[in-house]
$ cat run-v2.txt   # compact mmCIF, C-alpha atoms
# COMPACT_ATOMS: atom_id res chain seq x y z
CA MET A 45 128.34 106.25 84.90
CA LYS A 46 125.64 108.96 84.85
CA ASN A 47 126.56 109.69 81.24
CA LEU A 48 126.05 106.04 80.26
CA GLU A 49 122.73 105.95 82.09
CA ASN A 50 121.59 108.99 80.11
CA LYS A 51 122.68 107.37 76.85
CA ILE A 52 120.75 104.19 77.71
CA LEU A 53 117.59 106.10 78.57
CA LYS A 54 117.87 108.22 75.43
CA LYS A 55 118.10 105.09 73.29
CA VAL A 56 115.10 103.56 75.06
CA TYR A 57 112.99 106.70 74.70
CA LEU A 58 113.85 107.10 71.02
CA PHE A 59 112.90 103.49 70.42
CA GLU A 60 109.64 103.84 72.34
CA THR A 61 108.77 107.10 70.59
CA LYS A 62 109.07 105.48 67.15
CA LYS A 63 107.16 102.43 68.34
CA THR A 64 104.32 104.45 69.88
CA ILE A 65 103.93 106.69 66.83
CA LEU A 66 103.84 103.62 64.59
CA GLU A 67 101.30 101.95 66.87
CA ILE A 68 98.97 104.96 66.94
CA VAL A 69 99.19 105.50 63.18
CA SER A 70 98.71 101.83 62.30
CA ARG A 71 95.76 101.39 64.70
CA THR A 72 94.09 104.53 63.36
CA VAL A 73 94.62 103.56 59.73
CA LEU A 74 93.40 100.01 60.36
CA ILE A 75 90.22 101.12 62.17
CA LEU A 76 89.45 103.70 59.49
CA LEU A 77 90.12 101.24 56.66
CA VAL A 78 88.15 98.36 58.13
CA GLY A 79 85.39 100.71 59.26
CA PHE A 80 85.25 102.23 55.80
CA PHE A 81 84.82 98.82 54.17
CA GLY A 82 82.20 97.91 56.76
CA PHE A 83 80.34 101.10 55.91
CA ILE A 84 80.64 100.46 52.14
CA PHE A 85 79.27 96.93 52.34
CA THR A 86 76.53 97.89 54.77
CA SER A 87 75.36 100.79 52.59
CA LEU A 88 75.49 98.53 49.53
CA LEU A 89 73.42 95.95 51.38
CA VAL A 90 70.85 98.55 52.42
CA GLU A 91 70.67 99.90 48.86
CA ILE A 92 70.04 96.44 47.39
CA LEU A 93 67.39 95.61 49.99
CA ASN A 94 65.75 98.97 49.33
CA GLU A 95 65.67 98.38 45.57
CA GLN A 96 64.15 94.92 46.13
CA GLY A 97 61.58 96.33 48.51
CA SER A 98 62.67 93.82 51.14
CA PHE A 99 62.23 96.39 53.88
CA ASP A 100 58.48 96.29 53.21
CA LEU A 101 58.51 92.93 54.97
CA LEU A 102 59.40 94.73 58.18
CA ASP A 103 56.22 96.83 57.95
CA ILE A 104 54.57 93.97 59.84
CA PHE A 105 55.69 95.68 63.05
CA SER A 106 53.18 98.43 62.39
CA ASP A 107 50.36 95.82 62.55
CA ASP A 108 48.61 94.28 65.56
CA TRP A 109 50.64 92.16 67.92
CA SER A 110 48.65 89.07 66.89
CA MET A 111 49.60 89.61 63.26
CA VAL A 112 53.23 90.11 64.24
CA LYS A 113 53.22 86.85 66.20
CA LYS A 114 51.60 85.00 63.31
CA TYR A 115 53.77 86.20 60.43
CA PHE A 116 56.98 87.30 62.10
CA PHE A 117 59.09 84.22 61.38
CA ASP A 118 57.71 83.86 57.84
CA ASN A 119 58.55 87.46 57.03
CA LEU A 120 61.93 87.16 58.63
CA SER A 121 62.68 84.02 56.63
CA ILE A 122 61.71 85.71 53.37
CA PHE A 123 63.74 88.78 54.33
CA PHE A 124 66.88 86.68 54.79
CA GLN A 125 66.21 84.74 51.60
CA GLU A 126 66.16 88.02 49.69
CA THR A 127 69.28 89.32 51.38
CA PRO A 128 72.49 88.99 49.30
CA LYS A 129 74.41 86.60 51.53
CA LEU A 130 77.95 87.48 50.49
CA ILE A 131 77.47 91.20 51.03
CA LEU A 132 75.75 90.53 54.35
CA PHE A 133 78.66 88.31 55.43
CA LEU A 134 81.32 90.83 54.39
CA SER A 135 79.43 93.68 55.98
CA GLY A 136 79.12 91.70 59.22
CA VAL A 137 82.77 90.69 59.24
CA PHE A 138 84.07 94.22 58.70
CA ILE A 139 81.74 95.69 61.31
CA VAL A 140 82.72 93.05 63.86
CA ILE A 141 86.43 93.60 63.17
CA THR A 142 85.98 97.36 63.51
CA ILE A 143 84.26 96.90 66.86
CA ILE A 144 87.03 94.56 68.05
CA LEU A 145 89.72 97.04 66.99
CA ILE A 146 87.95 99.87 68.80
CA ILE A 147 87.62 97.75 71.95
CA LEU A 148 91.33 96.87 71.78
CA LEU A 149 92.16 100.53 71.34
CA PHE A 150 90.17 101.45 74.45
CA LYS A 151 91.76 98.56 76.33
CA ASN A 152 95.26 99.81 75.53
CA PHE A 153 94.34 103.47 75.76
CA LYS A 154 95.75 103.94 79.26
CA ILE A 155 99.09 102.34 78.33
CA ILE A 156 99.44 104.48 75.20
CA LYS A 157 98.47 107.60 77.16
CA ASN A 158 101.10 106.83 79.84
CA LYS A 159 103.75 106.24 77.19
CA ILE A 160 102.98 109.54 75.47
CA ARG A 161 103.11 111.36 78.81
CA SER A 162 106.47 109.74 79.70
CA ILE A 163 107.91 110.56 76.29
CA ILE A 164 106.77 114.18 76.41
CA ASN A 165 108.12 114.59 79.97
CA TYR A 166 111.46 113.13 78.98
CA PHE A 167 112.03 115.21 75.86
CA SER A 168 110.76 118.40 77.44
CA HIS A 169 113.39 118.03 80.20
CA LEU A 170 116.29 117.43 77.80
CA MET B 63 110.60 109.02 92.05
CA VAL B 64 109.54 106.78 94.95
CA SER B 65 111.84 103.83 95.66
CA LEU B 66 110.37 100.68 94.11
CA THR B 67 111.37 97.05 93.81
CA ASP B 68 112.29 95.68 90.40
CA GLN B 69 108.95 93.86 90.31
CA GLN B 70 106.99 97.06 90.93
CA ALA B 71 109.09 99.05 88.48
CA ILE B 72 108.57 96.47 85.71
CA ALA B 73 104.82 96.42 86.37
CA LYS B 74 104.82 100.22 85.96
CA ILE B 75 106.88 100.00 82.77
CA LYS B 76 104.45 97.45 81.34
CA GLY B 77 101.69 99.95 82.10
CA GLY B 78 103.41 102.50 79.86
CA GLU B 79 105.28 104.48 82.54
CA ILE B 80 108.61 104.28 80.81
CA ASN B 81 110.28 106.65 83.27
CA TYR B 82 110.51 103.77 85.78
CA PHE B 83 113.01 102.05 83.53
CA SER B 84 115.63 104.35 85.01
CA ILE B 85 115.30 102.34 88.25
CA ILE B 86 116.33 99.15 86.42
CA VAL B 87 119.20 100.97 84.73
CA LYS B 88 120.43 102.48 88.02
CA ASN B 89 120.25 99.10 89.80
CA TYR B 90 122.17 97.05 87.24
CA GLU B 91 124.15 99.38 85.02
CA LYS B 92 127.36 99.15 87.04
CA LYS B 93 127.32 95.33 87.29
CA ILE B 94 126.66 94.86 83.58
CA TYR B 95 129.19 97.52 82.62
CA ASN B 96 131.92 95.93 84.77
CA TYR B 97 131.16 92.52 83.30
CA VAL B 98 131.30 93.79 79.71
CA CYS B 99 134.45 95.82 80.34
CA ALA B 100 136.17 92.70 81.66
CA LYS B 101 135.41 90.99 78.33
CA LEU B 102 136.20 93.86 75.98
CA PHE B 103 139.21 96.09 75.62
CA ASP B 104 137.55 99.05 73.95
CA LYS B 105 135.65 101.36 76.31
CA ASP B 106 133.53 102.80 73.48
CA ASP B 107 132.51 99.31 72.37
CA ALA B 108 131.72 98.43 75.98
CA ASP B 109 129.51 101.54 76.27
CA ASP B 110 127.65 100.65 73.06
CA LEU B 111 127.21 97.07 74.13
CA VAL B 112 125.79 98.02 77.54
CA GLN B 113 123.33 100.39 75.85
CA ASN B 114 122.24 97.60 73.48
CA ILE B 115 121.86 95.18 76.41
CA PHE B 116 119.48 97.46 78.25
CA LEU B 117 117.61 98.33 75.05
CA ARG B 118 117.12 94.63 74.32
CA PHE B 119 115.84 94.12 77.84
CA TYR B 120 113.41 96.99 77.40
CA LYS B 121 112.15 95.54 74.12
CA ALA B 122 111.53 92.20 75.84
CA ILE B 123 109.94 93.68 78.95
CA ALA B 124 106.36 93.16 77.79
CA ARG B 125 106.82 89.38 77.96
CA PHE B 126 109.19 89.39 80.97
CA ASP B 127 107.75 87.82 84.10
CA GLU B 128 108.28 90.47 86.78
CA LYS B 129 108.25 87.78 89.49
CA LYS B 130 111.58 86.51 88.17
CA PRO B 131 114.84 88.27 89.07
CA VAL B 132 116.10 90.79 86.56
CA PHE B 133 119.86 90.32 86.76
CA PRO B 134 120.08 86.74 85.37
CA TYR B 135 118.04 87.83 82.36
CA LEU B 136 120.22 90.89 81.79
CA TYR B 137 123.27 88.69 82.19
CA SER B 138 122.07 86.24 79.52
CA ILE B 139 121.41 89.17 77.16
CA ALA B 140 124.93 90.43 77.89
CA ILE B 141 126.40 87.03 76.99
CA ASN B 142 124.46 86.96 73.70
CA GLU B 143 125.48 90.49 72.84
CA LEU B 144 129.12 89.65 73.53
CA LYS B 145 128.86 86.57 71.29
CA MET B 146 127.45 88.70 68.47
CA TYR B 147 130.15 91.26 69.06
CA TYR B 148 132.94 88.66 68.83
CA ARG B 149 131.33 87.15 65.75
CA SER B 150 131.14 90.51 63.98
CA ARG B 151 134.78 91.25 64.85
CA LYS B 152 135.95 87.85 63.62
CA GLU B 153 134.50 88.50 60.14
CA LYS B 154 136.66 91.61 59.81
CA VAL B 155 139.85 89.91 61.01
CA SER B 156 142.07 87.94 58.69
CA LEU B 157 144.91 85.77 59.84
CA ASP B 158 148.41 87.00 59.16
CA GLU B 159 149.48 84.26 56.80
CA LYS B 160 153.19 85.09 57.04
CA ILE B 161 153.32 83.73 60.56
CA TYR B 162 152.30 80.25 59.55
CA PHE B 163 153.69 79.30 56.11
CA GLU B 164 156.51 79.92 53.61
CA ASN B 165 155.33 78.74 50.20
CA GLU B 166 152.08 78.82 48.28
CA GLN B 167 151.42 75.10 48.48
CA GLU B 168 151.90 75.03 52.21
CA GLU B 169 149.75 78.16 52.40
CA LEU B 170 146.82 76.39 50.74
CA MET B 171 147.23 73.32 52.93
CA ILE B 172 147.38 75.38 56.10
CA GLU B 173 144.33 77.42 55.05
CA ASP B 174 142.47 74.19 54.49
CA TYR B 175 143.52 72.89 57.90
CA LEU B 176 142.69 76.13 59.68
CA GLU B 177 139.13 75.94 58.45
CA LYS B 178 138.83 72.52 60.06
CA ILE B 179 140.20 73.39 63.49
CA PRO B 180 137.68 74.21 66.22
CA LYS B 181 136.56 77.85 66.30
CA GLU B 182 137.83 78.29 69.85
CA LYS B 183 141.42 77.45 68.91
CA ARG B 184 141.18 79.57 65.79
CA VAL B 185 140.09 82.61 67.82
CA TYR B 186 143.17 82.28 70.06
CA LEU B 187 145.48 82.10 67.05
CA GLU B 188 143.74 85.07 65.42
CA LEU B 189 144.07 87.20 68.53
CA LEU B 190 147.75 86.29 68.87
CA SER B 191 148.31 87.29 65.26
CA GLN B 192 146.66 90.64 66.02
CA GLY B 193 149.14 91.28 68.77
CA TYR B 194 147.18 90.35 71.89
CA SER B 195 149.25 88.86 74.70
CA TYR B 196 148.46 85.52 76.35
CA LYS B 197 147.44 87.41 79.48
CA GLU B 198 144.94 89.56 77.58
CA ILE B 199 143.46 86.54 75.80
CA ALA B 200 143.19 84.64 79.10
CA GLU B 201 141.32 87.57 80.70
CA LYS B 202 139.04 87.91 77.71
CA PHE B 203 137.94 84.26 77.79
CA ASN B 204 138.13 83.81 81.55
CA LYS B 205 140.73 81.06 81.34
CA SER B 206 144.17 80.70 82.89
CA ILE B 207 147.22 81.82 80.92
CA ASN B 208 148.63 78.27 81.03
CA THR B 209 145.46 76.86 79.47
CA ILE B 210 145.67 79.32 76.58
CA LYS B 211 149.39 78.61 76.09
CA THR B 212 148.78 74.86 76.08
CA ILE B 213 145.97 75.10 73.50
CA VAL B 214 148.03 77.37 71.23
CA ARG B 215 151.14 75.18 71.57
CA ARG B 216 149.18 72.05 70.63
CA THR B 217 147.54 73.75 67.66
CA ARG B 218 150.90 75.00 66.37
CA LEU B 219 152.38 71.51 66.71
CA GLU B 220 149.51 70.12 64.66
CA LEU B 221 150.09 72.78 62.01
CA LYS B 222 153.85 72.04 61.91
CA GLN B 223 153.20 68.35 61.32
CA LEU B 224 151.55 69.11 57.96
$ encode --input "run-v2.txt" --output "structure tokens"
Amino acid sequence: MKNLENKILKKVYLFETKKTILEIVSRTVLILLVGFFGFIFTSLLVEILNEQGSFDLLDIFSDDWSMVKKYFFDNLSIFFQETPKLILFLSGVFIVITIILIILLFKNFKIIKNKIRSIINYFSHL
Amino acid sequence: MVSLTDQQAIAKIKGGEINYFSIIVKNYEKKIYNYVCAKLFDKDDADDLVQNIFLRFYKAIARFDEKKPVFPYLYSIAINELKMYYRSRKEKVSLDEKIYFENEQEELMIEDYLEKIPKEKRVYLELLSQGYSYKEIAEKFNKSINTIKTIVRRTRLELKQL
């Protein structure tokens, strides 16, 4: 019966090893890929706004507080009008997804760590 | 390893501590193995099946409610695995046609009829043609020998009437 127990556990550990490796690789690839696209769109957005001189609108913050209060919403409105909406949307989406994936990774970090420890302990005692 | 209840062990397994699965295996391996052995005749097949049963349970453990008892769930997996096992064996088995008919025409008619008879009756006839005894078939399907004999006798009478 001990032999069968060992066979069962071996099958389970082999399955879990493959699953854990796949999980780590796929999570890493997904975060890097989504993060990369987020970075691409954000840098494109910044480049376009720079070329347009839209960032000059934010120079208002170097003025007096009374000026800021007076023109803040106007400047902000113009700034968003000049912003390419599609690129802003895509940039936002990819950044948000990256953040969510990183949060999920941290949430499951303890489980993955425990699995890796169990797997290493098992195969090192074989 | 500290002695834990099934509930505690499953909670640990869900947390990634796979080593606690050995508690589940130790607790139920013998029961499941005895049940499968009673249904199968091949020890190697029984071993494989028991391994698959526990692996399937492990795969489902993330969504298993640890408050529920483990054995009924393992038992239902065992039943499903046995069904799949019988199904896979049936596909490889062909009836010995010589037992049932003498000429080609009768052969075609009987083949046609056999496809229409209930699967349960067909399985009994198939096993008999493979050389299993009534006793072995009765043990396999958890029925009395007389029940099996009656079903087979009736089926053969129906075939003869063609």
$ atom_distance --input "run-v2.txt" --atom1 "atom CA of Leu190 of chain B" --atom2 "atom CA of Lys211 of chain B"
10.7 Å
$ closest_atom_pairs --input "run-v2.txt" --of "chain B" --to "chain A" --cutoff "8 Å" --atoms "only C-alpha atoms" --output "CSV"
residue,atom,partner,partner_atom,distance
B:Lys76,CA,A:Ile155,CA,7.9
B:Gly77,CA,A:Ile155,CA,5.2
B:Gly78,CA,A:Ile155,CA,4.6
B:Glu79,CA,A:Asn158,CA,5.5
B:Ile80,CA,A:Ser162,CA,6.0
B:Asn81,CA,A:Ser162,CA,6.1
B:Phe83,CA,A:Leu53,CA,7.9
B:Ser84,CA,A:Leu53,CA,7.0
B:Val87,CA,A:Glu49,CA,6.7
B:Lys88,CA,A:Glu49,CA,7.2
B:Glu91,CA,A:Glu49,CA,7.3
B:Lys92,CA,A:Met45,CA,7.5
B:Asp109,CA,A:Leu48,CA,6.9
B:Val112,CA,A:Ile52,CA,8.0
B:Gln113,CA,A:Ile52,CA,5.0
B:Asn114,CA,A:Ile52,CA,8.0
B:Phe116,CA,A:Ile52,CA,6.9
B:Leu117,CA,A:Val56,CA,5.8
B:Tyr120,CA,A:Val56,CA,7.2
$ atom_distance --input "run-v2.txt" --atom1 "atom CA of Leu219 of chain B" --atom2 "atom CA of Arg184 of chain B"
13.8 Å
$ atom_distance --input "run-v2.txt" --atom1 "atom CA of Glu143 of chain B" --atom2 "atom CA of Leu111 of chain B"
6.9 Å
$ residues_around --input "run-v2.txt" --residues "segment 144-151 of chain A" --least-positions-apart "3" --cutoff "9 Å" --atoms "only C-alpha atoms" --output "PyMOL selection string"
chain A and resi 71+74-75+139-141+154-155
